[in-house]
Amino acid sequence: MDTTPVALPDLTGRTAIVTGANSGLGLETTRILAGAGARVVMAVRDEAKGRAAAEGIRGETEVRRLDLADLASVRTFAAGWTDDIHLLVNNAGIMAVPKARTVDGFELQFGVNHFGHFALTNLLLGQVTGRVVTISSGLHASVPGIDFDDVDFERGYTPYRAYGRSKLANLLFTLELQRRLTEVGSPVLSVAAHPGYAATNLQGQAANPLSRAFTAIGNRLFAQSAAAGALPTIYAATQRMPPAGFAGPRGGMRGAPTLCGRSPAAKDGGAARRLWELSEERTGVTFPIKA
């Protein structure tokens with residue numbers, strides 16, 4: 001068995017939002033949180049798939065539409081929200097896809113994985129009472145930094161380099177969000193997690209057919225299950241974590257969840273602030289909490 005249980009608190013009366021909750025890590029995260037008593041709102045692009053997934057979950061769930069590749073959809077989701085949020089899990093993501101653009105013209109991976117979650121988090125932040133957990137990847141360390149002059153990858157696009165940049169952006173976002181929350185005296189905690197090597201449908205999105213075939217074999221032979229891959233998320237969501245802490249498998253690729261390190265580029269406070277300012281400019285969404 002490749003999962004190690006996390007000692008869960010009773011989450012009865014708590015509300016969690018999980019993006020990308022109809023499959024993979026998001027579905028397993030939803031299953032665990034709902035099983036601990038939380039009301040879990042499954043924020044999904046395809047409501048029919050979301051409802052089908054929800055049927056197999058014990059506990060209280062609700063399905064709402066959210067397309068992170070469309071800022072209008074993000075705004076609609078946030079505008080329809082009226083309750084407190086104990087836990088916001090920024091889980092949804094795409095990986096190593098062919099070059100494309102979001103509805104708003106952003107490079108697709110950076111747009112979905114970072115800009116969409118940046119906008120969603122800030123639009124909901126006034127109602128968050130507990131934690132924001134943002135899912136990154138060990139592949140954040142595959143890139144030396146973010147090219148702020150070309151975040152839309154007009155030059156030199158490769159699927160995995162773009163993915164690595166978006167996952168680095170997730171960690172820089174976590175860092176700067178925590179700095180801002182601390183600055184205004186908010187008790188909300190901003191943390192991150194990565195699943196290690198987990199077998200999900202994420203790898204099946206790769207642009208290169210050979211890459212898809214290779215990862216399919218790797219998933220069968222080496223990867224831990226999606227349920228095990230979700231445990232660092234659950235750890236970050238429910239266990240003692242330092243501000244801007246990062247959780248992942250003890251072995252890096254697989255194993256029990258624990259605190260883990262990040263690349264030097266992911267610790268760069270100056271880059272985190274620059275990314276935040278750029279994200280506000282590109283999305284039109286700003287940090288909503290005043291001191």
# chains A, B, ... in the order shown; residues from 1 in each chain; ligands from 1
>>> residues_around(residues="Gly164 in chain A", least_positions_apart="5", cutoff="6 Å", atoms="only C-alpha atoms", output="tab-separated table (two decimals) with N, CA and C atoms, in the first residue's frame")
chain	number	residue	atom	x	y	z
A	139	LEU	N	8.74	19.92	-10.37
A	139	LEU	CA	9.30	20.46	-11.61
A	139	LEU	C	9.43	21.99	-11.59
A	140	HIS	N	8.99	22.63	-10.49
A	140	HIS	CA	9.26	24.07	-10.38
A	140	HIS	C	10.76	24.32	-10.40
A	143	VAL	N	13.31	25.11	-13.81
A	143	VAL	CA	13.52	26.39	-14.48
A	143	VAL	C	14.24	27.34	-13.52
>>> select_by_dssp(residues="range 57-291 of chain A", states="strand (DSSP E or B)", output="JSON list (two decimals) with C-alpha atoms, in the first residue's frame")
[["chain", "number", "residue", "atom", "x", "y", "z"],
["A", 61, "THR", "CA", -20.45, 17.96, -1.76],
["A", 62, "GLU", "CA", -21.64, 20.62, -4.15],
["A", 63, "VAL", "CA", -20.64, 21.12, -7.78],
["A", 64, "ARG", "CA", -20.12, 24.59, -9.25],
["A", 65, "ARG", "CA", -18.71, 25.61, -12.61],
["A", 85, "ILE", "CA", -14.40, 29.50, 3.34],
["A", 86, "HIS", "CA", -12.27, 27.58, 5.79],
["A", 87, "LEU", "CA", -10.08, 26.07, 3.08],
["A", 88, "LEU", "CA", -9.37, 27.05, -0.52],
["A", 89, "VAL", "CA", -7.42, 24.39, -2.43],
["A", 90, "ASN", "CA", -5.95, 25.70, -5.69],
["A", 101, "ARG", "CA", -3.89, 30.79, -25.22],
["A", 107, "GLU", "CA", -0.15, 31.43, -22.36],
["A", 128, "VAL", "CA", -11.37, 32.86, 3.64],
["A", 129, "THR", "CA", -11.00, 32.16, 7.36],
["A", 130, "GLY", "CA", -8.43, 29.36, 7.41],
["A", 131, "ARG", "CA", -5.95, 28.43, 4.69],
["A", 132, "VAL", "CA", -5.14, 28.77, 1.03],
["A", 133, "VAL", "CA", -3.33, 25.68, -0.29],
["A", 134, "THR", "CA", -1.79, 26.01, -3.76],
["A", 135, "ILE", "CA", -0.54, 22.93, -5.59],
["A", 189, "LEU", "CA", -2.31, 30.91, 6.21],
["A", 190, "SER", "CA", -0.89, 30.56, 2.68],
["A", 191, "VAL", "CA", 0.85, 27.23, 2.05],
["A", 192, "ALA", "CA", 1.73, 24.95, -0.86],
["A", 193, "ALA", "CA", 2.06, 21.26, -1.63],
["A", 198, "ALA", "CA", 1.41, 10.39, -8.78],
["A", 224, "GLN", "CA", 2.20, 6.28, -6.43],
["A", 246, "PHE", "CA", 5.66, 23.59, 1.33],
["A", 247, "ALA", "CA", 4.61, 19.96, 1.79],
["A", 248, "GLY", "CA", 5.51, 16.96, -0.34],
["A", 249, "PRO", "CA", 6.38, 13.26, -0.18],
["A", 257, "PRO", "CA", 3.85, 13.68, 3.39],
["A", 258, "THR", "CA", 6.14, 16.07, 5.21],
["A", 259, "LEU", "CA", 7.62, 19.56, 4.91]]
>>> residues_around(residues="Phe77 in chain A", least_positions_apart="3", cutoff="12 Å", atoms="only C-alpha atoms", output="ChimeraX atom specification")
/A:17,19,41-45,63-68,70-74,80-82,116,119-121,123-124
>>> residues_around(residues="Gly105 in chain A", least_positions_apart="2", cutoff="12 Å", atoms="only C-alpha atoms", output="PyMOL selection string")
chain A and resi 69-71+99-103+107-112+115+151-154+282-283
>>> residues_around(residues="Gly126 in chain A", least_positions_apart="4", cutoff="8 Å", atoms="only C-alpha atoms", output="list in words")
Asn122, Pro288 and Ile289 of chain A
>>> write_last_selection(atoms="N, CA and C atoms", output="mmCIF file, in the first residue's frame")
data_model
loop_
_atom_site.group_PDB
_atom_site.id
_atom_site.type_symbol
_atom_site.label_atom_id
_atom_site.label_comp_id
_atom_site.auth_asym_id
_atom_site.auth_seq_id
_atom_site.Cartn_x
_atom_site.Cartn_y
_atom_site.Cartn_z
ATOM 1 N N ASN A 122 -7.782 35.974 -4.789
ATOM 2 C CA ASN A 122 -7.981 37.346 -4.327
ATOM 3 C C ASN A 122 -9.449 37.758 -4.341
ATOM 4 N N PRO A 288 -7.326 42.192 -1.564
ATOM 5 C CA PRO A 288 -8.509 42.905 -1.077
ATOM 6 C C PRO A 288 -8.501 43.321 0.384
ATOM 7 N N ILE A 289 -7.523 42.883 1.168
ATOM 8 C CA ILE A 289 -7.580 43.080 2.619
ATOM 9 C C ILE A 289 -6.749 44.284 3.018
#
>>> closest_residue(among="A:Gly269, A:Gly93, A:Gly50, A:Gly35", to="Asn22 in chain A", atoms="only C-alpha atoms")
A:Gly50
>>> residues_around(residues="Asn170 in chain A", least_positions_apart="3", cutoff="9 Å", atoms="only C-alpha atoms", output="PyMOL selection string")
chain A and resi 113-114+117-118+134-137+140+165-167+173-175+192+266
>>> closest_residue(among="A:Ala21, A:Leu231, A:Ile94, A:Val188", to="Gln127 in chain A", atoms="only C-alpha atoms")
A:Val188
>>> residues_around(residues="Gly229 in chain A", least_positions_apart="2", cutoff="9 Å", atoms="only C-alpha atoms", output="list in words")
Thr3, Gly24, Leu25, Glu28, His194, Pro195, Gly196, Tyr197, Ala198, Ala199, Thr200, Gln224, Ser225, Ala226, Ala227, Leu231, Pro232, Thr233, Gly248, Pro249, Arg254, Gly255 and Pro257 of chain A
